[in-house]
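Participant: Okay, so here is run.cif, and as you'll see once you scroll down, it has mmCIF, C-alpha atoms.
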```cif
data_run
#
loop_
_atom_site.label_atom_id
_atom_site.label_comp_id
_atom_site.auth_asym_id
_atom_site.auth_seq_id
_atom_site.Cartn_x
_atom_site.Cartn_y
_atom_site.Cartn_z
CA MET A 1 -10.63 76.39 68.42
CA ALA A 2 -12.77 79.47 68.89
CA PRO A 3 -16.32 79.06 70.27
CA LEU A 4 -19.06 78.52 67.68
CA ASN A 5 -20.84 81.61 68.92
CA ASP A 6 -17.69 83.61 68.13
CA GLN A 7 -17.56 82.50 64.48
CA GLY A 8 -15.51 79.45 65.36
CA GLU A 9 -15.36 76.47 63.01
CA ALA A 10 -16.43 72.90 63.64
CA TYR A 11 -13.90 70.15 62.86
CA VAL A 12 -14.64 66.73 61.44
CA ILE A 13 -12.91 63.36 61.76
CA TYR A 14 -14.19 60.99 59.07
CA ASN A 15 -14.27 57.23 59.14
CA SER A 16 -11.85 56.41 56.31
CA SER A 17 -14.07 53.46 55.33
CA ASN A 18 -17.26 55.50 55.06
CA ASN A 19 -17.55 59.31 54.92
CA ASN A 20 -21.16 59.08 56.14
CA GLU A 21 -19.75 58.28 59.56
CA PHE A 22 -17.81 60.95 61.41
CA LEU A 23 -17.05 62.72 64.66
CA MET A 24 -17.85 66.43 64.84
CA LEU A 25 -15.78 68.56 67.24
CA GLU A 26 -17.21 71.86 68.44
CA ASN A 27 -16.27 74.44 71.06
CA ARG A 28 -19.63 75.19 72.68
CA HIS A 29 -20.36 77.94 75.18
CA ALA A 30 -23.49 79.22 76.87
CA ASP A 31 -24.64 81.82 74.39
CA ARG A 32 -27.37 82.30 71.78
CA TRP A 33 -29.19 79.06 70.97
CA PHE A 34 -26.88 77.08 73.29
CA SER A 35 -27.71 79.33 76.24
CA TYR A 36 -30.42 77.31 78.03
CA TRP A 37 -28.89 73.86 78.41
CA TYR A 38 -25.24 74.82 78.57
CA GLY A 39 -25.87 77.88 80.70
CA TYR A 40 -27.93 75.96 83.22
CA SER A 41 -25.48 73.07 83.37
CA ALA A 42 -22.43 75.35 83.44
CA GLY A 43 -21.11 73.17 80.60
CA HIS A 44 -18.63 74.56 78.10
CA GLY A 45 -15.63 73.44 76.10
CA LEU A 46 -15.00 70.72 73.54
CA PHE A 47 -18.17 68.81 72.62
CA ILE A 48 -17.90 65.66 70.48
CA THR A 49 -20.82 64.32 68.44
CA HIS A 50 -20.80 60.92 66.67
CA CYS A 51 -22.92 60.61 63.51
CA ASP A 52 -23.48 57.47 61.42
CA TYR A 53 -25.74 58.85 58.70
CA ASP A 54 -28.16 56.62 56.83
CA ALA A 55 -30.80 58.28 54.66
CA THR A 56 -33.40 55.56 55.31
CA ALA A 57 -32.98 55.77 59.09
CA TRP A 58 -33.45 59.53 58.96
CA ALA A 59 -36.45 59.29 56.60
CA TYR A 60 -38.24 56.77 58.81
CA ASN A 61 -37.31 58.40 62.12
CA SER A 62 -35.39 55.35 63.28
CA VAL A 63 -32.08 57.07 63.92
CA ASN A 64 -31.65 55.89 67.51
CA ASP A 65 -34.16 53.08 67.90
CA ASP A 66 -31.41 50.45 68.32
CA PRO A 67 -29.64 50.88 71.71
CA SER A 68 -26.58 49.05 70.39
CA HIS A 69 -26.31 51.26 67.30
CA GLN A 70 -27.01 54.88 68.11
CA ARG A 71 -26.62 56.77 64.84
CA LEU A 72 -26.54 60.25 66.37
CA THR A 73 -25.21 60.74 69.86
CA TYR A 74 -22.71 62.79 71.78
CA ILE A 75 -19.65 61.37 73.52
CA PRO A 76 -19.51 62.44 77.18
CA ALA A 77 -16.02 63.32 78.35
CA ASP A 78 -16.49 61.59 81.70
CA GLY A 79 -17.59 58.36 80.02
CA GLY A 80 -21.17 58.27 81.25
CA TYR A 81 -24.65 59.59 80.46
CA ASP A 82 -25.62 59.47 84.14
CA GLY A 83 -27.10 62.52 85.83
CA TYR A 84 -30.42 63.68 87.19
CA TYR A 85 -30.18 67.45 87.00
CA LEU A 86 -28.94 69.45 84.01
CA ASN A 87 -25.99 70.75 85.99
CA ASP A 88 -24.85 67.13 86.44
CA TYR A 89 -23.83 67.13 82.78
CA TYR A 90 -21.05 69.74 82.90
CA ALA A 91 -18.48 66.90 82.78
CA ASP A 92 -19.77 65.81 79.36
CA PHE A 93 -17.51 68.54 77.98
CA PHE A 94 -13.75 68.28 77.57
CA PRO A 95 -11.61 69.17 79.50
CA ALA A 96 -14.02 69.40 82.48
CA GLY A 97 -14.76 65.66 82.28
CA GLY A 98 -11.44 64.50 80.84
CA THR A 99 -8.42 65.64 78.86
CA THR A 100 -8.07 62.65 76.52
CA PHE A 101 -10.17 60.90 73.89
CA ASN A 102 -8.93 57.83 72.00
CA GLY A 103 -10.12 54.69 70.27
CA THR A 104 -10.57 52.73 73.51
CA SER A 105 -11.45 55.33 76.12
CA HIS A 106 -15.10 55.94 75.21
CA THR A 107 -16.31 52.83 73.37
CA SER A 108 -19.31 52.36 75.65
CA VAL A 109 -20.64 55.87 74.97
CA GLY A 110 -20.49 56.34 71.22
CA GLY A 111 -16.72 56.35 70.80
CA LYS A 112 -16.55 53.61 68.18
CA TRP A 113 -16.97 53.18 64.43
CA PHE A 114 -19.75 51.01 63.00
CA ASN A 115 -18.42 50.89 59.43
CA ASN A 116 -14.76 49.90 59.53
CA GLU A 117 -13.83 47.67 56.59
CA ASN A 118 -11.89 45.30 58.86
CA GLY A 119 -14.84 44.85 61.21
CA SER A 120 -13.12 46.58 64.10
CA LYS A 121 -15.04 49.15 66.13
CA THR A 122 -11.89 51.08 67.04
CA ILE A 123 -11.56 54.74 66.07
CA PRO A 124 -7.84 54.98 65.11
CA HIS A 125 -7.42 58.57 66.28
CA SER A 126 -6.74 60.38 69.52
CA LEU A 127 -7.15 63.81 71.09
CA THR A 128 -4.74 64.49 73.93
CA GLU A 129 -3.74 67.41 76.14
CA ILE A 130 -7.20 68.93 75.73
CA THR A 131 -7.26 72.35 77.37
CA GLU A 132 -9.46 75.44 77.49
CA ASN A 133 -8.06 78.92 78.08
CA ASN A 134 -10.02 82.16 77.79
CA GLY A 135 -12.72 80.31 75.87
CA LEU A 136 -10.32 78.77 73.31
CA VAL A 137 -9.95 75.00 73.11
CA SER A 138 -6.72 73.33 72.05
CA PHE A 139 -5.52 69.73 71.81
CA ARG A 140 -3.07 67.43 70.07
CA PHE A 141 -4.51 65.29 67.29
CA ASP A 142 -2.87 61.88 66.86
CA GLY A 143 0.05 62.90 69.01
CA GLY A 144 1.17 66.12 67.39
CA VAL A 145 1.57 68.20 64.27
CA GLU A 146 4.23 69.37 61.87
CA GLU A 147 5.60 72.91 61.83
CA VAL A 148 6.83 74.83 58.80
CA SER A 149 9.26 77.77 58.99
CA VAL A 150 8.78 80.53 56.42
CA THR A 151 10.96 83.61 56.03
CA ILE A 152 9.50 86.88 54.76
CA GLY A 153 12.25 89.03 53.25
CA ALA A 154 12.88 92.75 53.10
CA THR A 155 10.07 93.36 50.58
CA GLY A 156 7.49 92.18 53.13
CA TYR A 157 6.28 89.48 50.74
CA ALA A 158 6.77 85.73 50.27
CA THR A 159 4.86 82.81 48.76
CA LEU A 160 3.94 79.44 50.24
CA TYR A 161 2.64 76.13 48.90
CA TYR A 162 2.16 72.67 50.42
CA SER A 163 0.18 69.98 48.66
CA ASP A 164 -0.37 67.84 51.77
CA LEU A 165 -0.51 70.19 54.77
CA ASP A 166 -3.29 72.46 56.01
CA LEU A 167 -1.41 75.28 57.78
CA VAL A 168 -2.50 77.75 60.45
CA VAL A 169 -1.57 81.38 59.79
CA PRO A 170 0.58 82.70 62.67
CA GLU A 171 0.40 86.09 64.32
CA GLY A 172 1.92 88.89 62.24
CA VAL A 173 1.21 87.27 58.87
CA THR A 174 -1.60 87.60 56.33
CA ALA A 175 -2.01 85.09 53.49
CA LYS A 176 -3.96 85.74 50.29
CA THR A 177 -5.00 83.91 47.14
CA TYR A 178 -5.40 85.76 43.84
CA ILE A 179 -7.10 85.63 40.47
CA VAL A 180 -6.65 87.82 37.39
CA ASN A 181 -9.96 89.58 36.70
CA GLU A 182 -11.51 90.70 33.43
CA ASN A 183 -9.55 93.97 33.61
CA PHE A 184 -6.27 92.03 33.71
CA GLU A 185 -5.69 93.09 37.30
CA LEU A 186 -4.73 90.99 40.31
CA GLU A 187 -7.74 90.54 42.56
CA GLU A 188 -7.74 89.00 46.02
CA SER A 189 -9.98 85.94 46.10
CA ARG A 190 -9.50 84.99 49.76
CA THR A 191 -7.68 86.43 52.78
CA PHE A 192 -6.43 84.27 55.65
CA ALA A 193 -5.81 86.21 58.88
CA LYS A 194 -4.17 85.02 62.09
CA GLY A 195 -5.60 81.64 63.14
CA SER A 196 -7.17 80.88 59.76
CA VAL A 197 -6.22 77.68 57.97
CA ILE A 198 -4.68 77.61 54.49
CA PRO A 199 -5.98 74.43 52.82
CA ALA A 200 -3.47 71.99 51.36
CA GLY A 201 -2.86 72.42 47.66
CA TYR A 202 -3.38 76.19 47.58
CA GLY A 203 -0.60 78.63 46.79
CA VAL A 204 -0.72 81.87 48.77
CA VAL A 205 1.07 85.21 48.96
CA LEU A 206 2.27 86.07 52.47
CA THR A 207 2.69 89.59 53.81
CA GLY A 208 4.23 90.69 57.10
CA GLU A 209 7.22 92.30 58.70
CA PRO A 210 10.54 90.76 57.63
CA GLY A 211 11.33 87.73 59.77
CA THR A 212 10.82 83.98 60.16
CA TYR A 213 7.40 82.62 61.12
CA GLN A 214 6.15 79.20 62.24
CA PHE A 215 3.12 77.71 60.47
CA VAL A 216 1.57 74.82 62.41
CA GLU A 217 -0.20 71.95 60.67
CA GLU A 218 -3.95 71.68 61.21
CA LYS A 219 -4.94 68.04 60.70
CA LEU A 220 -8.67 68.49 61.20
CA GLN A 221 -9.46 71.37 58.90
CA LEU A 222 -12.12 70.60 56.30
CA ALA A 223 -10.69 72.21 53.17
CA LYS A 224 -12.93 74.61 51.27
CA ARG A 225 -12.94 75.34 47.56
CA ILE A 226 -11.34 78.73 46.92
CA PRO A 227 -11.10 80.50 43.54
CA THR A 228 -7.43 81.09 42.83
CA MET A 229 -4.88 81.28 40.02
CA LEU A 230 -1.96 80.54 42.31
CA SER A 231 -0.32 77.13 42.12
CA GLY A 232 2.94 75.71 43.45
CA SER A 233 5.19 72.71 43.97
CA ASP A 234 6.54 70.79 46.96
CA GLU A 235 9.93 70.38 45.31
CA GLU A 236 11.93 72.45 42.87
CA ALA A 237 10.10 71.82 39.60
CA MET A 238 9.05 73.41 36.33
CA THR A 239 5.80 75.35 36.44
CA GLU A 240 2.87 73.58 34.83
CA GLY A 241 -0.89 73.54 34.36
CA GLY A 242 -1.44 76.61 32.18
CA ALA A 243 -0.30 78.82 29.32
CA LEU A 244 1.51 81.69 31.11
CA TYR A 245 3.52 81.67 34.33
CA TYR A 246 4.57 84.47 36.69
CA LYS A 247 6.81 84.54 39.77
CA LEU A 248 6.73 86.85 42.78
CA SER A 249 9.46 89.47 42.46
CA LEU A 250 10.32 93.15 42.07
CA ASP A 251 10.49 94.66 38.59
CA LYS A 252 13.57 94.13 36.43
CA ASN A 253 15.27 97.15 38.05
CA ASN A 254 14.47 95.92 41.60
CA THR A 255 12.58 99.15 42.23
CA PRO A 256 11.23 99.32 45.80
CA GLY A 257 7.45 99.07 46.00
CA THR A 258 7.04 97.17 42.72
CA VAL A 259 6.35 93.73 44.21
CA GLY A 260 4.07 91.65 42.04
CA PHE A 261 3.96 88.71 39.68
CA TYR A 262 6.33 88.95 36.69
CA TRP A 263 7.22 86.60 33.86
CA GLY A 264 9.70 84.06 35.17
CA ALA A 265 10.84 83.20 31.63
CA PRO A 266 10.59 84.94 28.24
CA ASP A 267 7.05 85.33 26.91
CA GLY A 268 5.57 83.87 30.08
CA GLY A 269 7.03 80.42 29.50
CA ALA A 270 7.56 77.75 32.14
CA PHE A 271 10.35 78.31 34.65
CA MET A 272 11.93 76.43 37.54
CA ASN A 273 9.89 77.08 40.68
CA GLY A 274 11.39 76.76 44.16
CA ALA A 275 10.30 74.15 46.69
CA HIS A 276 7.10 75.13 48.54
CA LYS A 277 6.84 78.36 46.55
CA ALA A 278 3.71 79.58 44.79
CA TYR A 279 3.39 81.11 41.33
CA LEU A 280 0.67 82.72 39.25
CA VAL A 281 -0.65 80.67 36.34
CA ILE A 282 -2.92 81.84 33.52
CA PRO A 283 -4.80 78.81 32.13
CA GLY A 284 -5.33 78.26 28.42
CA GLU A 285 -5.21 80.85 25.65
CA SER A 286 -5.81 84.32 26.99
CA MET A 287 -5.76 87.94 25.90
CA ALA A 288 -3.22 88.31 28.71
CA LYS A 289 -0.57 86.62 26.56
CA ASN A 290 1.34 89.92 26.19
CA VAL A 291 0.91 90.95 29.85
CA SER A 292 4.36 90.51 31.38
CA ALA A 293 3.61 91.73 34.92
CA PHE A 294 0.83 92.07 37.48
CA PRO A 295 2.20 94.39 40.23
CA PHE A 296 0.27 94.55 43.48
CA TYR A 297 0.29 98.34 43.23
CA GLY A 298 0.31 100.24 39.95
CA LYS A 299 -0.53 99.46 36.35
CA ILE A 300 -0.12 96.11 34.67
CA VAL A 301 2.72 95.78 32.18
CA VAL A 302 2.49 94.69 28.53
CA ASP A 303 5.79 94.11 26.72
CA ASP A 304 7.60 96.22 29.35
CA ILE A 305 5.15 99.14 28.84
CA GLU A 306 2.74 100.19 31.61
CA LEU A 307 -0.81 99.57 30.45
CA VAL A 308 -3.51 102.22 30.89
CA HIS A 309 -7.26 101.85 30.74
CA GLU A 310 -9.50 103.27 28.06
CA ASN A 311 -11.06 105.97 30.22
CA GLU A 312 -7.67 107.59 30.76
CA TYR A 313 -7.55 108.40 27.02
CA GLU A 314 -11.24 108.62 26.22
CA ASN A 315 -10.91 112.16 24.87
CA GLU A 316 -8.11 111.30 22.45
CA ASN A 317 -8.82 110.55 18.80
CA GLY A 318 -7.00 107.91 16.80
CA ALA A 319 -7.37 104.57 15.07
CA LEU A 320 -7.40 101.38 17.13
CA TYR A 321 -5.19 98.39 16.34
CA ASN A 322 -5.00 95.01 18.01
CA LEU A 323 -1.67 93.50 19.04
CA GLY A 324 -1.44 91.77 15.65
CA GLY A 325 -1.45 95.14 13.85
CA GLN A 326 -4.99 94.79 12.50
CA ARG A 327 -7.26 97.81 12.64
CA VAL A 328 -10.33 97.31 14.87
CA ASP A 329 -13.31 99.41 15.90
CA SER A 330 -14.65 100.34 19.35
CA SER A 331 -16.61 97.08 19.64
CA PHE A 332 -13.33 95.17 20.03
CA LYS A 333 -12.66 93.96 23.59
CA GLY A 334 -9.14 93.53 24.90
CA ILE A 335 -5.71 95.12 24.52
CA VAL A 336 -5.39 97.65 21.70
CA ILE A 337 -2.94 100.31 20.53
CA LYS A 338 -4.23 103.86 20.22
CA ASN A 339 -2.06 106.88 19.48
CA GLY A 340 0.97 104.77 20.22
CA LYS A 341 -0.27 103.72 23.64
CA LYS A 342 -1.45 100.28 24.74
CA MET A 343 -4.79 100.25 26.53
CA ILE A 344 -7.71 97.99 27.46
CA ILE A 345 -11.20 98.27 26.02
CA LYS A 346 -13.75 96.54 28.26
#
```
Could you quickly redo this structure as structure tokens?
Facilitator:
Amino acid sequence: MAPLNDQGEAYVIYNSSNNNEFLMLENRHADRWFSYWYGYSAGHGLFITHCDYDATAWAYNSVNDDPSHQRLTYIPADGGYDGYYLNDYYADFFPAGGTTFNGTSHTSVGGKWFNNENGSKTIPHSLTEITENNGLVSFRFDGGVEEVSVTIGATGYATLYYSDLDLVVPEGVTAKTYIVNENFELEESRTFAKGSVIPAGYGVVLTGEPGTYQFVEEKLQLAKRIPTMLSGSDEEAMTEGGALYYKLSLDKNNTPGTVGFYWGAPDGGAFMNGAHKAYLVIPGESMAKNVSAFPFYGKIVVDDIELVHENEYENENGALYNLGGQRVDSSFKGIVIKNGKKMIIK
């Protein structure tokens, strides 16, 4: 975890019985609005806050009026709130005050749930091997994480999809999600650099030098909604969820430098997708129904013909026809044929 003052992210552990109760994990350092307290106390590292939110308690300023039910408090790593001077509190941070947090280690100082369905106060999670190096905090959540091996081939591209794992992007790899914009072009909707987390259920395109890379599961990442037209499957399965489907590949002649998304079956029909692979899906009826390829570099392809934009032929005269052979005027929007060439009018 990077420090908050270095654009780091906070992590959340929810009570599975009530999402209004949670632990918030932050890497805090003495900078900006943290500078006075943490600077004076020399405190830094993992800081855990316990929140049991209740709108009425917040509205009536009774958040912490019950000593046995503190709704907003921090969990000191050393297990105590004792201290007279500010610099006595440095051990409230992990790992300075301890390298482990679990469901029984800090019950007297906020480390317990108030809303478990079974009546237990135990938090059924653990953080172990908490360390801090060069300002970065790391730990094992619930004993460990899964790792996924992904091979990027000679083209420098691959796809990845997991429905149930948030995965950390390793060094040397960039992951991207895509949409098809109004000009029928691939457009990046989100880029994940080294250390970023790809949320579960999102297909991505990977780029990097050819080789095999390890993606580590991130159990605490709070997934964010990302616009994307990439989907995928955990097992080998037919593509689904839309009208047109495209797979990552080179063009039909395997021409170097033509990597993009191409029809995986005639007319953009469903095809068999590989396990943990992503594909591009166009939802519903679309003017893109004749677009057979979206290369990352170059023009899009309609019926095996490279498609040009209107401004490249703006000085040419000629009647306009839609793909059904009907004559149209300049107010028509979409793919047309002019002087024997397919083009887009926006």
Participant: Kindly give the distance, in Å, that separates CA of Ile179 in chain A and CA of Glu9 in chain A, rounded to a single decimal.
Facilitator: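 Between these atoms lies a distance of 25.7 Å.
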Participant: As an exercise, work out the distance from CA of Pro266 in chain A to CA of Ser292 in chain A in Å and give it to one decimal place.
Facilitator: 8.9 Å
Participant: Would you mind reading off the distance between CA of Leu165 in chain A and CA of Ser149 in chain A, one decimal, in Å?
Facilitator: 13.1 Å
Participant: Just want the 6 Å neighbourhood of range 153-156 of chain A, counted on only C-alpha atoms, with same-chain residues fewer than 2 positions away dropped. Output as a list in words.
Facilitator: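 Near neighbours after the sequence-gap exclusion: Thr207, Gly208, Glu209 and Pro210 of chain A.
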Participant: Could you tell me, as an mmCIF file with C-alpha atoms, in the coordinates of the input, exactly which residues end up selected when the PyMOL selection byres ((chain A and resi 296) around 6) is applied to this structure?
Facilitator:
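Once written, result-v1.cif looks like this:
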```cif
data_model
loop_
_atom_site.group_PDB
_atom_site.id
_atom_site.type_symbol
_atom_site.label_atom_id
_atom_site.label_comp_id
_atom_site.auth_asym_id
_atom_site.auth_seq_id
_atom_site.Cartn_x
_atom_site.Cartn_y
_atom_site.Cartn_z
ATOM 1 C CA GLY A 260 4.070 91.650 42.040
ATOM 2 C CA PRO A 295 2.200 94.390 40.230
ATOM 3 C CA TYR A 297 0.290 98.340 43.230
#
```
Participant: Evaluate the PyMOL selection byres ((chain A and resi 184-191) around 8) and record the selected residues as a list in words, following the chain and residue labels used in the document.
Facilitator: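 Answer for the PyMOL selection byres ((chain A and resi 184-191) around 8): Thr174, Ala175, Lys176, Thr177, Tyr178, Ile179, Val180, Asn181, Glu182, Asn183, Phe192, Ala193, Ile226, Pro227, Thr228, Ala288, Phe294, Pro295, Phe296 and Ile300 of chain A.
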Participant: Could you write out as an MDAnalysis selection string the residues that the PyMOL selection byres ((chain A and resi 235-245) around 8) matches in the shown file?
Facilitator: chainID A and resid 232:234 246:247 263:265 267:276 279:285 289
Participant: Could you pull the residues within 7 Å of range 158-160 of chain A, counting all atoms listed in the file, minus those fewer than 4 positions along the same chain, as a short mmCIF file (atom, residue, chain, number, x, y, z; two decimals) with C-alpha atoms, keeping the file's coordinate frame?
Facilitator:
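The resulting file, part.cif, is reproduced below:
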```cif
data_model
loop_
_atom_site.label_atom_id
_atom_site.label_comp_id
_atom_site.auth_asym_id
_atom_site.auth_seq_id
_atom_site.Cartn_x
_atom_site.Cartn_y
_atom_site.Cartn_z
CA ILE A 152 9.50 86.88 54.76
CA GLY A 203 -0.60 78.63 46.79
CA VAL A 204 -0.72 81.87 48.77
CA VAL A 205 1.07 85.21 48.96
CA LEU A 206 2.27 86.07 52.47
CA THR A 207 2.69 89.59 53.81
CA HIS A 276 7.10 75.13 48.54
CA LYS A 277 6.84 78.36 46.55
CA ALA A 278 3.71 79.58 44.79
#
```
Participant: Name the residues in contact with Leu23 in chain A at a cut-off of 9 Å, using all atoms listed in the file, excluding same-chain residues fewer than 5 positions from it; report them as a ChimeraX atom specification.
Facilitator: /A:11-15,48-52,111
Participant: Please provide the set of residues having any atom within 9 Å of Phe114 in chain A, restricted to all atoms listed in the file, with same-chain residues fewer than 4 positions apart removed, written as a PyMOL selection string.
Facilitator: chain A and resi 21+52+69+119-122
Participant: Name the closest residue to Thr212 in chain A among the candidates A:Asn253, A:Thr151, A:Ser105, A:Asn64; distances are taken between atoms, counting all atoms listed in the file.
Facilitator: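 The closest residue to Thr212 in chain A is A:Thr151.
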Participant: Counting only C-alpha atoms, which residue out of A:Val291, A:Glu26, A:Gly97, A:Glu171 sits closest to Ala10 in chain A?
Facilitator: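 Under the stated criterion, the closest residue is A:Glu26.
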Participant: Applying 12 Å and all atoms listed in the file, which residues near Leu4 in chain A remain after dropping the ones on its own chain fewer than 5 positions away? List them as a PyMOL selection string.
Facilitator: chain A and resi 9-11+25-34+44-47+135-137
Participant: I need the residue nearest Val216 in chain A from this list: A:Ser196, A:Asn5, A:Thr73, A:Asn254. Use all atoms listed in the file for the distance.
Facilitator: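 Answer, going by the shortest atom-to-atom distance: A:Ser196.
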Participant: Output range 14-32 of chain A with N, CA and C atoms present, as a compact mmCIF listing (two decimals), in the frame of the given file.
Facilitator:
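Listed below is the output, part19.txt:
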```
# COMPACT_ATOMS: atom_id res chain seq x y z
N TYR A 14 -13.42 61.96 59.83
CA TYR A 14 -14.19 60.99 59.07
C TYR A 14 -13.70 59.57 59.31
N ASN A 15 -14.63 58.64 59.22
CA ASN A 15 -14.27 57.23 59.14
C ASN A 15 -13.72 56.99 57.74
N SER A 16 -12.47 56.57 57.62
CA SER A 16 -11.85 56.41 56.31
C SER A 16 -12.54 55.36 55.46
N SER A 17 -13.34 54.49 56.08
CA SER A 17 -14.07 53.46 55.33
C SER A 17 -15.42 53.94 54.84
N ASN A 18 -15.92 55.04 55.42
CA ASN A 18 -17.26 55.50 55.06
C ASN A 18 -17.41 56.95 55.52
N ASN A 19 -17.46 57.89 54.57
CA ASN A 19 -17.55 59.31 54.92
C ASN A 19 -18.90 59.70 55.50
N ASN A 20 -19.88 58.80 55.50
CA ASN A 20 -21.16 59.08 56.14
C ASN A 20 -21.08 58.91 57.65
N GLU A 21 -19.95 58.41 58.12
CA GLU A 21 -19.75 58.28 59.56
C GLU A 21 -18.60 59.19 59.98
N PHE A 22 -18.83 59.97 61.02
CA PHE A 22 -17.81 60.95 61.41
C PHE A 22 -18.02 61.42 62.84
N LEU A 23 -16.98 62.00 63.39
CA LEU A 23 -17.05 62.72 64.66
C LEU A 23 -17.01 64.21 64.34
N MET A 24 -17.86 64.98 65.00
CA MET A 24 -17.85 66.43 64.84
C MET A 24 -17.38 67.07 66.15
N LEU A 25 -16.36 67.90 66.07
CA LEU A 25 -15.78 68.56 67.24
C LEU A 25 -16.19 70.02 67.23
N GLU A 26 -16.76 70.47 68.34
CA GLU A 26 -17.21 71.86 68.44
C GLU A 26 -16.80 72.43 69.79
N ASN A 27 -16.51 73.71 69.81
CA ASN A 27 -16.27 74.44 71.06
C ASN A 27 -17.55 75.18 71.40
N ARG A 28 -18.31 74.64 72.35
CA ARG A 28 -19.63 75.19 72.68
C ARG A 28 -19.58 75.97 74.00
N HIS A 29 -20.26 77.11 73.98
CA HIS A 29 -20.36 77.94 75.18
C HIS A 29 -21.80 78.40 75.35
N ALA A 30 -22.12 78.84 76.53
CA ALA A 30 -23.49 79.22 76.87
C ALA A 30 -23.83 80.58 76.29
N ASP A 31 -24.26 80.58 75.04
CA ASP A 31 -24.64 81.82 74.39
C ASP A 31 -25.57 81.49 73.24
N ARG A 32 -26.44 82.43 72.89
CA ARG A 32 -27.37 82.30 71.78
C ARG A 32 -28.20 81.03 71.92
```
